[in-house]
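This report concerns only the one structure given below.
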There are 2 protein chains.
Amino acid sequence: MLENIKTYRSFSAGEVIFWRGEPLGYVASLVTGVAALSKTLEDGRTQMVGLLLPSDFIGRPGRDKIDFDVTATTDVTLCCFDRKPFETLVRETPHLTQRLMELALDELDVARDWMLLLGRKTAREKIATFLEMLARRAEPDEKRSSMILPMSMTRDQIANFLGLTLETVSRQLNAFKKQGVIEFSDRKYIAVKDLPALHAASGDDSDQGFGS
Amino acid sequence: MLENIKTYRSFSAGEVIFWRGEPLGYVASLVTGVAALSKTLEDGRTQMVGLLLPSDFIGRPGRDKIDFDVTATTDVTLCCFDRKPFETLVRETPHLTQRLMELALDELDVARDWMLLLGRKTAREKIATFLEMLARRAEPDEKRSSMILPMSMTRDQIANFLGLTLETVSRQLNAFKKQGVIEFSDRKYIAVKDLPALHAASGDDSDQGFGS
DNA sequence: AAACAACTTTGATGTAGATCAAATTATGAC
DNA sequence: GTCATAATTTGATCTACATCAAAGTTGTTT
């Protein structure tokens, strides 16, 4: 049923997918690539408020506007559904509403973890949390302490994600490198050598969330 | 239908309503008072991740645990529904699911505004945003630039809400007082004298959210 | 009304991370 | 390969806010 109304769209790295305040013509599911949700203050300071990875959903039933920009971090492919028919479908399919609510609740949990990070963590803890999150997303089940993560964000983007400056991100990343916790030479990858060390540096209560 | 399964519970200021990780026996709607959602790091640093005012909902369909503590800020009355019958009801009432999803999306918007505040705003901007938010909630329609706000939070609680220390909160509050933007003598109230000045000091993009 | 405990204010000092300023090093184009 | 542009690193300095440390308030108990 969704099949009939779906179309694909592509965006290249750096392109804006949705502007804040602009009426949304469609909702979408991210197929490939990475996109970021961000908010901006009047003087240009920006803060990322969400990261979209493949299978993540953009758009909110019952709302025709969003209050943040959505930007392609890498080249991105979207699977789009026109809003009107999608909303009709949602109204007629209770199960789908249920599913969308679960997605919203998941996003809310992530947002609240991020609030704790932004409000109370040190720069070192922020970087450790960020890397640990990437590692967990890349290999949800594996318990290896070592792995290679594709890195599509620049230092500046990471800084906007963590509420830091790009210089601080660079320094903390190199501090972890010097300690042998991570390795990198190429800009495209970061190798995690000691995941438990990252977790220990994240400041998180050990039995919170995914605990140790 | 909800009538049959509802009960009322009271908590006095400072009491914990739900502990993080503890299975939730019931969901609830806040009737009177103020409660706070908060998260804690292993060394005790805490960050509030939400504020519950009358009519706000606690608990999430399909989840039996929450990842934060809920604490009564003032004396609180809750209207509770046992979880099992409530969930059955939700499954059978698509309209209710729809409504709960809207609540979740509203919370998500609030959480993201807070991420911008925590990540990028200065102490002065945080305080201005906080006071402006209270003013808007107290009188959503009124366009008066002057009003009296009941203040139930201590400096320490405000600090945990804004990602600051209590001393910084005190200093910034007194700075606004000295400038005639607010007034207070009693601990129970803050009088806003110049709402536009607060908005101007909040750092928000003027056409974002509720614009100027 | 005195004694207290819990807040709040105010001041002095310290510091993590921001800001400013160059190098240095990738990376993609030609 | 060479050039040009963008990203990263590194260093020096600055500053907003945290931290430490007393007072001063306010409200409550007896």
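If you're wondering about the labels, chains in the structure tokens are A, B, ... by order shown, residues count from 1 in each chain, ligands from 1 in order shown.
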
Taking only stretch 35-185 of chain A into account, list the residues labelled helix (DSSP H, G or I) by DSSP (computed from the backbone), as a PyMOL selection string.
chain A and resi 83-92+94-120+123-138+155-162+166-178

If we count only C-alpha atoms (C1' of nucleotides), what is near A:Lys126 at a cut-off of 12 Å, once residues fewer than 4 positions away on the same chain are taken out, given as a PyMOL selection string?
(chain A and resi 113-122+130-133+158-164+168-169+172-173+198-204) or (chain B and resi 119)

Serialized selection, C-alpha atoms, as a CSV table (one decimal), in the first residue's frame:
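Contents of the output file again27.csv:
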```csv
chain,number,residue,atom,x,y,z
A,113,ASP,CA,20.7,11.2,27.0
A,114,TRP,CA,22.0,14.0,24.9
A,115,MET,CA,20.7,16.6,27.3
A,116,LEU,CA,22.7,15.0,30.1
A,117,LEU,CA,25.8,15.0,27.9
A,118,LEU,CA,25.4,18.6,26.8
A,119,GLY,CA,24.5,19.9,30.2
A,120,ARG,CA,26.9,18.0,32.5
A,121,LYS,CA,29.7,16.1,30.7
A,122,THR,CA,33.3,17.3,30.2
A,130,PHE,CA,30.2,9.9,21.0
A,131,LEU,CA,32.7,7.2,20.0
A,132,GLU,CA,31.0,4.6,22.1
A,133,MET,CA,27.7,5.4,20.5
A,158,ILE,CA,31.3,16.6,15.7
A,159,ALA,CA,31.8,19.9,17.6
A,160,ASN,CA,28.3,21.1,16.7
A,161,PHE,CA,27.0,17.7,17.8
A,162,LEU,CA,28.7,17.8,21.2
A,163,GLY,CA,28.4,21.4,22.1
A,164,LEU,CA,32.1,22.0,21.7
A,168,THR,CA,38.6,21.0,21.5
A,169,VAL,CA,37.3,18.0,19.5
A,172,GLN,CA,40.5,15.3,22.8
A,173,LEU,CA,40.5,12.9,19.9
A,198,LEU,CA,35.9,4.5,26.1
A,199,HIS,CA,33.0,3.4,28.3
A,200,ALA,CA,35.0,4.1,31.4
A,201,ALA,CA,35.8,7.6,30.2
A,202,SER,CA,32.1,8.4,29.2
A,203,GLY,CA,31.1,9.2,32.8
A,204,ASP,CA,27.9,7.2,32.5
B,119,GLY,CA,24.9,23.0,24.2
```

Could the residues of chain B within 9 Å of chain C, counting only C-alpha atoms (C1' of nucleotides), be given as a PyMOL selection string, please?
chain B and resi 154-155+167+170-171

Prev. selection, C-alpha atoms, output as a compact mmCIF listing (two decimals), in the first residue's frame:
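Saved file selection.txt follows:
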```txt
# COMPACT_ATOMS: atom_id res chain seq x y z
CA THR B 154 15.26 26.45 44.29
CA ARG B 155 18.39 27.96 42.73
CA GLU B 167 25.85 30.42 42.22
CA SER B 170 21.83 33.48 41.58
CA ARG B 171 24.21 35.93 39.94
```

Picked from stretch 11-211 of chain B by DSSP as strand (DSSP E), as a ChimeraX atom specification:
/B:11,16-18,26-32,35-40,46-52,57-58,69-72,76-82,147-150,182-183,189-192

Once chain B has been least-squares superposed onto chain A, matching all their Cα atoms in order, can you return it as an mmCIF file with C-alpha atoms, in the first residue's frame?
```
data_model
loop_
_atom_site.group_PDB
_atom_site.id
_atom_site.type_symbol
_atom_site.label_atom_id
_atom_site.label_comp_id
_atom_site.auth_asym_id
_atom_site.auth_seq_id
_atom_site.Cartn_x
_atom_site.Cartn_y
_atom_site.Cartn_z
ATOM 1 C CA MET B 1 0.067 -0.075 0.017
ATOM 2 C CA LEU B 2 2.879 2.342 0.797
ATOM 3 C CA GLU B 3 4.476 1.184 -2.437
ATOM 4 C CA ASN B 4 2.127 3.212 -4.633
ATOM 5 C CA ILE B 5 3.059 6.553 -3.172
ATOM 6 C CA LYS B 6 6.775 6.187 -2.694
ATOM 7 C CA THR B 7 9.506 7.943 -4.654
ATOM 8 C CA TYR B 8 13.262 8.195 -4.211
ATOM 9 C CA ARG B 9 15.281 11.369 -3.895
ATOM 10 C CA SER B 10 18.999 12.007 -3.623
ATOM 11 C CA PHE B 11 20.950 14.781 -1.984
ATOM 12 C CA SER B 12 24.662 15.352 -2.075
ATOM 13 C CA ALA B 13 26.797 16.043 0.977
ATOM 14 C CA GLY B 14 26.126 19.489 2.401
ATOM 15 C CA GLU B 15 22.727 19.981 0.762
ATOM 16 C CA VAL B 16 19.799 21.016 2.911
ATOM 17 C CA ILE B 17 17.011 18.421 2.821
ATOM 18 C CA PHE B 18 14.414 20.386 4.791
ATOM 19 C CA TRP B 19 14.480 23.983 5.952
ATOM 20 C CA ARG B 20 13.129 24.907 9.358
ATOM 21 C CA GLY B 21 9.615 26.274 9.143
ATOM 22 C CA GLU B 22 9.065 25.308 5.514
ATOM 23 C CA PRO B 23 5.933 23.186 5.007
ATOM 24 C CA LEU B 24 6.865 19.540 4.504
ATOM 25 C CA GLY B 25 5.535 18.092 1.285
ATOM 26 C CA TYR B 26 6.530 14.580 2.190
ATOM 27 C CA VAL B 27 7.789 12.348 4.950
ATOM 28 C CA ALA B 28 10.757 10.108 4.329
ATOM 29 C CA SER B 29 12.868 7.228 5.423
ATOM 30 C CA LEU B 30 16.629 7.483 5.104
ATOM 31 C CA VAL B 31 17.967 4.712 2.867
ATOM 32 C CA THR B 32 21.678 5.448 2.562
ATOM 33 C CA GLY B 33 24.025 8.052 4.028
ATOM 34 C CA VAL B 34 23.940 10.267 7.107
ATOM 35 C CA ALA B 35 21.913 13.411 7.774
ATOM 36 C CA ALA B 36 21.808 15.827 10.697
ATOM 37 C CA LEU B 37 19.053 17.801 12.425
ATOM 38 C CA SER B 38 20.275 21.173 13.628
ATOM 39 C CA LYS B 39 19.113 24.358 15.297
ATOM 40 C CA THR B 40 20.651 27.794 15.074
ATOM 41 C CA LEU B 41 20.731 30.846 17.368
ATOM 42 C CA GLU B 42 20.318 34.358 15.989
ATOM 43 C CA ASP B 43 24.073 34.953 15.870
ATOM 44 C CA GLY B 44 24.812 31.716 14.049
ATOM 45 C CA ARG B 45 25.841 29.374 16.848
ATOM 46 C CA THR B 46 24.452 25.977 15.913
ATOM 47 C CA GLN B 47 23.670 22.787 17.750
ATOM 48 C CA MET B 48 22.845 19.433 16.200
ATOM 49 C CA VAL B 49 19.801 17.946 17.851
ATOM 50 C CA GLY B 50 19.736 14.615 16.070
ATOM 51 C CA LEU B 51 21.547 12.322 13.702
ATOM 52 C CA LEU B 52 19.771 10.301 11.009
ATOM 53 C CA LEU B 53 21.216 6.960 9.945
ATOM 54 C CA PRO B 54 19.784 4.440 7.465
ATOM 55 C CA SER B 55 16.270 3.263 8.426
ATOM 56 C CA ASP B 56 15.608 6.432 10.458
ATOM 57 C CA PHE B 57 12.416 8.317 9.770
ATOM 58 C CA ILE B 58 11.961 12.040 9.001
ATOM 59 C CA GLY B 59 8.686 13.844 9.436
ATOM 60 C CA ARG B 60 5.924 13.774 11.933
ATOM 61 C CA PRO B 61 2.369 12.719 11.415
ATOM 62 C CA GLY B 62 0.024 15.571 12.182
ATOM 63 C CA ARG B 63 2.670 18.261 11.813
ATOM 64 C CA ASP B 64 3.396 20.034 8.596
ATOM 65 C CA LYS B 65 6.432 21.933 9.827
ATOM 66 C CA ILE B 66 9.611 21.122 11.644
ATOM 67 C CA ASP B 67 11.561 23.440 13.875
ATOM 68 C CA PHE B 68 15.051 22.486 12.756
ATOM 69 C CA ASP B 69 17.027 22.161 9.540
ATOM 70 C CA VAL B 70 17.823 18.754 8.078
ATOM 71 C CA THR B 71 21.134 18.656 6.210
ATOM 72 C CA ALA B 72 22.856 15.847 4.330
ATOM 73 C CA THR B 73 26.176 15.054 6.022
ATOM 74 C CA THR B 74 27.190 12.600 3.309
ATOM 75 C CA ASP B 75 25.454 11.870 0.019
ATOM 76 C CA VAL B 76 21.995 10.710 0.968
ATOM 77 C CA THR B 77 19.169 8.706 -0.573
ATOM 78 C CA LEU B 78 15.669 9.139 0.761
ATOM 79 C CA CYS B 79 12.587 7.056 0.255
ATOM 80 C CA CYS B 80 9.762 9.628 0.249
ATOM 81 C CA PHE B 81 6.005 9.441 0.712
ATOM 82 C CA ASP B 82 3.727 12.329 -0.120
ATOM 83 C CA ARG B 83 2.327 13.652 3.104
ATOM 84 C CA LYS B 84 -1.384 13.640 2.356
ATOM 85 C CA PRO B 85 -1.753 9.983 1.320
ATOM 86 C CA PHE B 86 0.681 8.978 4.063
ATOM 87 C CA GLU B 87 -1.424 10.647 6.727
ATOM 88 C CA THR B 88 -4.580 9.034 5.452
ATOM 89 C CA LEU B 89 -2.848 5.699 5.622
ATOM 90 C CA VAL B 90 -1.699 6.382 9.181
ATOM 91 C CA ARG B 91 -5.228 7.234 10.246
ATOM 92 C CA GLU B 92 -6.465 3.974 8.831
ATOM 93 C CA THR B 93 -3.718 1.781 10.209
ATOM 94 C CA PRO B 94 -3.591 1.733 14.021
ATOM 95 C CA HIS B 95 -0.618 -0.577 13.971
ATOM 96 C CA LEU B 96 1.373 1.987 11.998
ATOM 97 C CA THR B 97 0.528 4.734 14.471
ATOM 98 C CA GLN B 98 1.758 2.461 17.233
ATOM 99 C CA ARG B 99 5.029 1.952 15.394
ATOM 100 C CA LEU B 100 5.499 5.669 14.769
ATOM 101 C CA MET B 101 4.921 6.358 18.430
ATOM 102 C CA GLU B 102 7.612 3.895 19.358
ATOM 103 C CA LEU B 103 9.994 5.698 17.020
ATOM 104 C CA ALA B 104 9.112 9.001 18.691
ATOM 105 C CA LEU B 105 9.735 7.511 22.142
ATOM 106 C CA ASP B 106 13.102 6.134 21.029
ATOM 107 C CA GLU B 107 14.074 9.548 19.731
ATOM 108 C CA LEU B 108 13.008 11.062 23.024
ATOM 109 C CA ASP B 109 15.263 8.685 24.968
ATOM 110 C CA VAL B 110 18.183 9.577 22.732
ATOM 111 C CA ALA B 111 17.417 13.294 23.103
ATOM 112 C CA ARG B 112 17.432 13.003 26.892
ATOM 113 C CA ASP B 113 20.714 11.150 26.986
ATOM 114 C CA TRP B 114 22.045 13.979 24.854
ATOM 115 C CA MET B 115 20.725 16.578 27.291
ATOM 116 C CA LEU B 116 22.725 14.947 30.065
ATOM 117 C CA LEU B 117 25.791 14.965 27.830
ATOM 118 C CA LEU B 118 25.377 18.604 26.779
ATOM 119 C CA GLY B 119 24.552 19.875 30.244
ATOM 120 C CA ARG B 120 26.958 17.990 32.441
ATOM 121 C CA LYS B 121 29.716 16.117 30.657
ATOM 122 C CA THR B 122 33.295 17.309 30.181
ATOM 123 C CA ALA B 123 34.839 17.511 26.695
ATOM 124 C CA ARG B 124 36.645 14.210 27.240
ATOM 125 C CA GLU B 125 33.457 12.500 28.390
ATOM 126 C CA LYS B 126 31.543 13.894 25.430
ATOM 127 C CA ILE B 127 34.043 12.508 22.927
ATOM 128 C CA ALA B 128 34.128 9.131 24.681
ATOM 129 C CA THR B 129 30.324 8.957 24.688
ATOM 130 C CA PHE B 130 30.182 9.916 21.022
ATOM 131 C CA LEU B 131 32.670 7.246 19.950
ATOM 132 C CA GLU B 132 31.004 4.632 22.132
ATOM 133 C CA MET B 133 27.644 5.466 20.560
ATOM 134 C CA LEU B 134 29.061 5.086 17.038
ATOM 135 C CA ALA B 135 30.650 1.786 17.989
ATOM 136 C CA ARG B 136 27.402 0.457 19.407
ATOM 137 C CA ARG B 137 25.430 1.491 16.362
ATOM 138 C CA ALA B 138 27.968 -0.038 14.007
ATOM 139 C CA GLU B 139 27.989 -3.365 15.836
ATOM 140 C CA PRO B 140 25.037 -3.657 18.192
ATOM 141 C CA ASP B 141 25.651 -7.253 19.260
ATOM 142 C CA GLU B 142 29.370 -7.832 18.993
ATOM 143 C CA LYS B 143 31.247 -7.631 22.253
ATOM 144 C CA ARG B 144 34.622 -7.020 20.693
ATOM 145 C CA SER B 145 36.663 -4.275 22.282
ATOM 146 C CA SER B 146 38.218 -3.359 18.938
ATOM 147 C CA MET B 147 36.575 -2.244 15.676
ATOM 148 C CA ILE B 148 36.824 0.137 12.750
ATOM 149 C CA LEU B 149 34.243 2.933 12.442
ATOM 150 C CA PRO B 150 33.494 4.793 9.225
ATOM 151 C CA MET B 151 33.749 8.498 10.041
ATOM 152 C CA SER B 152 31.731 10.806 7.813
ATOM 153 C CA MET B 153 31.628 13.876 10.046
ATOM 154 C CA THR B 154 34.228 16.647 10.109
ATOM 155 C CA ARG B 155 35.664 17.956 13.390
ATOM 156 C CA ASP B 156 33.396 20.947 13.035
ATOM 157 C CA GLN B 157 30.281 18.792 12.678
ATOM 158 C CA ILE B 158 31.283 16.674 15.671
ATOM 159 C CA ALA B 159 31.791 19.906 17.616
ATOM 160 C CA ASN B 160 28.273 21.096 16.725
ATOM 161 C CA PHE B 161 26.952 17.749 17.795
ATOM 162 C CA LEU B 162 28.673 17.762 21.176
ATOM 163 C CA GLY B 163 28.395 21.442 22.062
ATOM 164 C CA LEU B 164 32.156 22.010 21.723
ATOM 165 C CA THR B 165 34.523 23.810 19.341
ATOM 166 C CA LEU B 166 36.361 22.012 16.579
ATOM 167 C CA GLU B 167 39.721 22.625 18.247
ATOM 168 C CA THR B 168 38.588 20.945 21.448
ATOM 169 C CA VAL B 169 37.302 17.970 19.460
ATOM 170 C CA SER B 170 40.656 17.652 17.700
ATOM 171 C CA ARG B 171 42.591 17.859 20.955
ATOM 172 C CA GLN B 172 40.471 15.288 22.782
ATOM 173 C CA LEU B 173 40.515 12.894 19.842
ATOM 174 C CA ASN B 174 44.306 13.131 19.723
ATOM 175 C CA ALA B 175 44.496 12.632 23.488
ATOM 176 C CA PHE B 176 42.628 9.327 23.152
ATOM 177 C CA LYS B 177 44.895 8.414 20.244
ATOM 178 C CA LYS B 178 47.997 9.106 22.309
ATOM 179 C CA GLN B 179 46.626 6.843 25.037
ATOM 180 C CA GLY B 180 46.073 4.035 22.549
ATOM 181 C CA VAL B 181 42.306 3.979 23.015
ATOM 182 C CA ILE B 182 41.687 4.822 19.359
ATOM 183 C CA GLU B 183 43.747 5.087 16.173
ATOM 184 C CA PHE B 184 43.349 7.095 12.981
ATOM 185 C CA SER B 185 45.433 8.426 10.125
ATOM 186 C CA ASP B 186 42.933 8.480 7.312
ATOM 187 C CA ARG B 187 40.069 10.960 7.671
ATOM 188 C CA LYS B 188 37.510 8.371 6.738
ATOM 189 C CA TYR B 189 37.916 5.948 9.611
ATOM 190 C CA ILE B 190 38.510 5.796 13.320
ATOM 191 C CA ALA B 191 39.680 2.505 14.766
ATOM 192 C CA VAL B 192 38.523 1.835 18.307
ATOM 193 C CA LYS B 193 41.177 -0.244 20.069
ATOM 194 C CA ASP B 194 39.773 -0.309 23.589
ATOM 195 C CA LEU B 195 36.009 0.027 23.851
ATOM 196 C CA PRO B 196 35.897 -0.606 27.625
ATOM 197 C CA ALA B 197 38.295 2.299 28.125
ATOM 198 C CA LEU B 198 35.929 4.529 26.130
ATOM 199 C CA HIS B 199 33.020 3.425 28.275
ATOM 200 C CA ALA B 200 34.990 4.097 31.431
ATOM 201 C CA ALA B 201 35.763 7.602 30.161
ATOM 202 C CA SER B 202 32.153 8.367 29.256
ATOM 203 C CA GLY B 203 31.133 9.230 32.812
ATOM 204 C CA ASP B 204 27.939 7.204 32.519
ATOM 205 C CA ASP B 205 26.536 5.398 35.463
ATOM 206 C CA SER B 206 27.524 1.793 34.706
ATOM 207 C CA ASP B 207 24.049 0.329 35.136
ATOM 208 C CA GLN B 208 22.317 3.020 33.133
ATOM 209 C CA GLY B 209 21.076 2.211 29.656
ATOM 210 C CA PHE B 210 23.234 -0.469 28.135
ATOM 211 C CA GLY B 211 25.320 -0.996 31.287
ATOM 212 C CA SER B 212 28.738 -2.644 31.379
#
```

Specify as a PyMOL selection string all residues of chain D found within 9 Å of chain B, counting only C-alpha atoms (C1' of nucleotides).
chain D and resi 16-18+26
